[in-house]
Each structure stands twice: as structure tokens, then as C-alpha cells.
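Engineer: Next up is a structure, given as C-alpha cells.
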Amino acid sequence: MINHNVHMWSRVTVTSFCLVLRELCSLFKIRTRMKESRLLLIVIVCQAFVQSLCLNSSKPNVVVVMSDAFDGRLTFKPGRDVVQLPYVNYMRELGSTFLNAYSNSPICCPSRAAMWSGRFVHLTQSWNNYKCLDHNATTWMDELHASGYQTISLGKLDFTSGGHSVSNRVEAWTRDVPFLLRQEGRPVTDLVGNSSTLRVMTKDWKVTDRATQWIRHSSSSLSEPFALYLGLNLPHPYRTDSLGPDAGGSTFRSSPYWLKKVSYEQISIPKWLPFSDMHPVDYYSSFTKNCTSNFTVEEIQNIRAFYYAMCAETDAMLGEVISALRDTGLLNSTILLFTSDHGELAMEHRQFYKMSMFEGSAHIPLVIMGPGVKSGLQLGQLVSLVDIYPTVLELAGIPSPGDISGHSLIPLICEESEHQKHRPDWVLSEYHGCNANVSIYMLRTSQWKYVTYADGLSVPPQLFDLSSDKEELKNVASHHHGVIQKLDLLLRSVVDYPSVSKMVHLYNKQAFESWRQSLADNYTQVIANLRWHLDWQKNAEHNEKAIDDWLSGFI
């Protein structure tokens, strides 16, 4: 275990200085004999000293490590018992862990757009992996740089428009066309290397090495505080190469070294509802993710074990960052934040991947440690990725813009917070991308998870009582009409979701039509050979007509 002394904020240093000064005054018995003018002079000198301390030490270094598809439930019991995550546990012991942290949109690019902008995705119109923030959008890293921080971003960013595969964007645009096509490969596992193979995800290790080398060789020469962002791909599943260059990530890959970190006896086999009891949107997701065929218990256990092993490898990369900060003497002056863009279902609810409001998909890790952060604290408050923006800005002493959606976490985690600001007792998540055939909106409160769709009328809602149904297998919406009405009213006060759904529907049609026209005579061949090609080509003429009818407004 790494030795670490958690220092307080500058006001703790100031308090210590004042106590020493008081003792000196008492020692020399000058407190009562000092003339008023001389006392005033000492007060002024003390104030100037205090201000200089605050100026020099109130801006810590900031390091954010953001993984991809890390289930937040692994950062606390009972989830953390299934896999060894020594560095996440180290952060948890010496920092603050949020037990109810959520993605604002459980898919890569929109969730990251929310984190970088501090705004809900309907405000930035980050609808899918192709349509996110403009390239000139202001991020919290831009704000830090403008205030004098030395800033560096490494690894996966993925928050601006224009990325991801053609298949991914076309699937999102055509999600409400009434055809049902498998868009992903069947989830599989892939064992590589041997019991000494540590570096499975070499791309992530290379970028982690770059980050740690920068900490060790460049940060020490800086005269100003620094902010470092490290974006990892793990534990996101790997692309299934056998399905071609446009294939999605359906391969869970690891080595015997990392699998030894997994406690197989602790792996739960998730319960599945029969197809007839599944919500129609959940069934659509399961089918398009290629998860409606039969899976053995061994297959499910292995997929989950390999996923946990991939989390262990991610944890080791986090450990490299912690070690670099420790070895350079920067750990005590650096705020370290670990989080993820979304989770991973790992065969819960007969699905893998994300794109769902179930806990495995939407629940993310959020652990913060550093000077002034309370140690060993577990917080039950509901928080989300948009809260990172104002948190980082408050650390740097920068006022937050008035148009952001998030709220600073500093009042919750600081040793000596000046005041406890009001924050909402709910979190919002929304989803408008592929593998779901309508827009989805989730409002989470302390007890309830309310999930509604499209216009709130055409698709039945779901309501889960998380205090008694942590597996989210019992939709109790039909038994709690009053709760539904109250939560829906609250949701509509945050977002006019029927109007947003219409906006997304119109965008999808316009974007698809523009893409189709750009292909001219190649359209039929291109659309037939996207990653849904096996199902598309079974009835290509019918599928093309369904799209034509959709564009024409007949459906």
C-alpha cells in the first residue's frame, strides 16, 4: 500500500499559523499591553500572509482519469468484492466515493459531451456518437487553461461531432424505422497471452505511459498548477475483427493474469425476464445487440468474468498515474478524479454494452481524492457527469458559467466547506442513439427510477423501486400512478422531453436523407453492407421501402 498523508486546504495552514501566533502573543504577554495601532498592524500583516497562502495553495493540480464502460457499482460493496481493484480501493480509502453517480447519456460521445460541457445533452443537442459538441465548444479544460493552468489531454476524448463508424450513425438515424436488424456481433470472450501478460490493451498502456512520463519529466518544472486528462478505452469491449472493419465492440478480451484477479464464486448470474414480459424498447435493444439467442450459464459467467478482468487492467493503469504522482511528490498537492462515461451491462437484462437506463449501463464510478478531500467518505447523494465541470472550476477558483446544468461537488467532499449549496435530489439521463428505437429519459430519485419514452404517451413508461428491486426486474408503473405523475411533472420541469423527441426525430430524417443523397447511385450497395448486412440482405427490398416510407412520413 502506498503511504500517503492527506493535506488540508490552505485554510487549515492558515488556522495553524493563527494558532501559533496566538501562542506567541500569550508567551510574550503582549496581547493586553499592545497598543491598538500596533495590534492593527499585526492584523493587517496576518491578513496579507493569509491571502498569500491562499493564493499560492488554493489551486491544486487536477488529474482526471476517465475510463470507458466501467460499472460504477464495482467501487463499493458488494460489487467491489468480485474483482481486485487495489488502486480504486486506495482512492476510496483516502478520498470520497459517490455511491449514486450516473451518466447523463449512456453512450460514449454524448456522455463525454455532458462531462466536458457541464450541460445536459438536450441543451447541446448531442444526440448520438456522430452528433455531439462543436469543435470550438468551451470545456472546463479551456477554462483552466485561460486561468493559468498548464493543461494536457491524452487518450480518448470523443466529445465532438463527426466520429465513429458509418454503421453506428446510420443505425442511430434509422432507429424508428419499423424493421428489426441485428447491429452487433454476438458477445464473446477471447483469452490471450499467459499468466504473465499484463499489457493486453496496448493502446491504453501506451497513452498511460505518455501520461506518467509527462508527470515524471515535465510537470516538476512548471511554475503554475497543471491539469491532466487521461482517457482510456478499457474496459470497453474490443471490436470483433472477424465481422469486418465496421464491427462493433462485442469481444471481451483478457489474459490469465487479469482473470486471476476475479473471484468467480462472487460472479452473479443475472436473472432474465421472459421475452413476453420484456418492455418493447428493451426487447429491441436485446435483439439489435444480438442477445436474443440462447446463452449457457458458462457463457454468461465467462463474459462477466472477462469484463471484470478488463476492469482490473484499467485499475492498474490508474495505479500507474498514482505512482507517478507519488514518486514526484505531487500526490499531496493534486486532486485525482476517477470516473467513466457509462457502465457495461455484461449480460444483465439479456444485453451487453450500454444504451440503456438499467444500473449496469447508467451507473458510473466517481471517486475523488486529494488535498482537503474527506477520507473514507461514501456519499449517497445523486450526482452525474455534468457536476464535474463546476467542481473542477471551483477547485481552481473560477466562477462557473450560469448556463451549465451541473452543481459543484466541493461542498460535499471538502474538509472545511464554507457553505452547503442547494443541489437537486435527482439526476437526469437521456438517450437518443442506436440500439434503442425511441428517445429515452430517466429521472432517478432516492427511491425511484422513472423511465419514460418518446412523447410520454406512445410507449409505456417504466418505474423501478430501487430500495426493494435492485435488479430492476419489476416494473411497478401500473401500481403507482401518483408517483408516475409526480416524477413526470418533475421531469418536464427539467426538460420538455416530448419536444426534444420531435427534434431528434426530425434531425434523424434530415441527417439520413443528406447522407443518402451524398452516396447517389452507391446508396443501395452501401446500406446493404453495413454491420447489419446479414439481416438486411434477407429482405433488402422490404428494408429499403421501410426507409422510404419513413422519410415520406407514411410511418
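Chain labels follow the order of the C-alpha cells: the first chain is A, the next B, and so on; residue numbering restarts at 1 in every chain, and ligands are counted from 1 in their shown order.
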Quick one: DSSP strand (DSSP E or B) residues in stretch 307-542 of chain A, as a VMD selection string?
Structural biologist: chain A and resid 334 to 340 363 to 364 366 to 369 373 377 to 384 414 427 to 431 440 to 444 448 to 453 462 to 465
Engineer: Please determine, counting only C-alpha atoms, which residue among A:Arg216, A:Arg119, A:Lys260, A:Lys449 has the shortest atom-to-atom distance to A:Val82.
Structural biologist: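 Using only C-alpha atoms, the shortest distance to A:Val82 belongs to A:Lys260.
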Engineer: Hey, could you make a per-residue contact list for stretch 259-304 of chain A against stretch 474-488 of chain A with 12 Å as the cut-off, showing the nearest pair of atoms and its distance in Å to one decimal, counting only C-alpha atoms, sorted by chain and number, as a tab-separated table?
Structural biologist:
```
residue	atom	partner	partner_atom	distance
A:Lys271	CA	A:Lys474	CA	11.6
A:Trp272	CA	A:Lys474	CA	11.3
A:Leu273	CA	A:Lys474	CA	9.5
A:Asp277	CA	A:Asn475	CA	9.9
A:Met278	CA	A:Asn475	CA	9.7
A:His279	CA	A:Asn475	CA	9.0
```
Engineer: Return as a tab-separated table the residues of stretch 353-411 of chain A lying at most 12 Å from stretch 320-332 of chain A, together with the closest atom-to-atom pair for each and the distance in Å to one decimal, counting only C-alpha atoms, with rows in chain order and ascending residue number.
Structural biologist:
```
residue	atom	partner	partner_atom	distance
A:Met369	CA	A:Leu331	CA	9.5
A:Gly370	CA	A:Asn332	CA	6.3
A:Pro371	CA	A:Asn332	CA	6.0
A:Gly372	CA	A:Asn332	CA	9.6
A:Val373	CA	A:Asn332	CA	10.9
```
Engineer: Name all residues at most 12 Å from A:Asp134 (count only C-alpha atoms; drop same-chain ones fewer than 3 positions away) and give them as a VMD selection string.
Structural biologist: chain A and resid 109 to 110 113 116 to 117 124 to 126 130 to 131 137 to 139 158 to 163
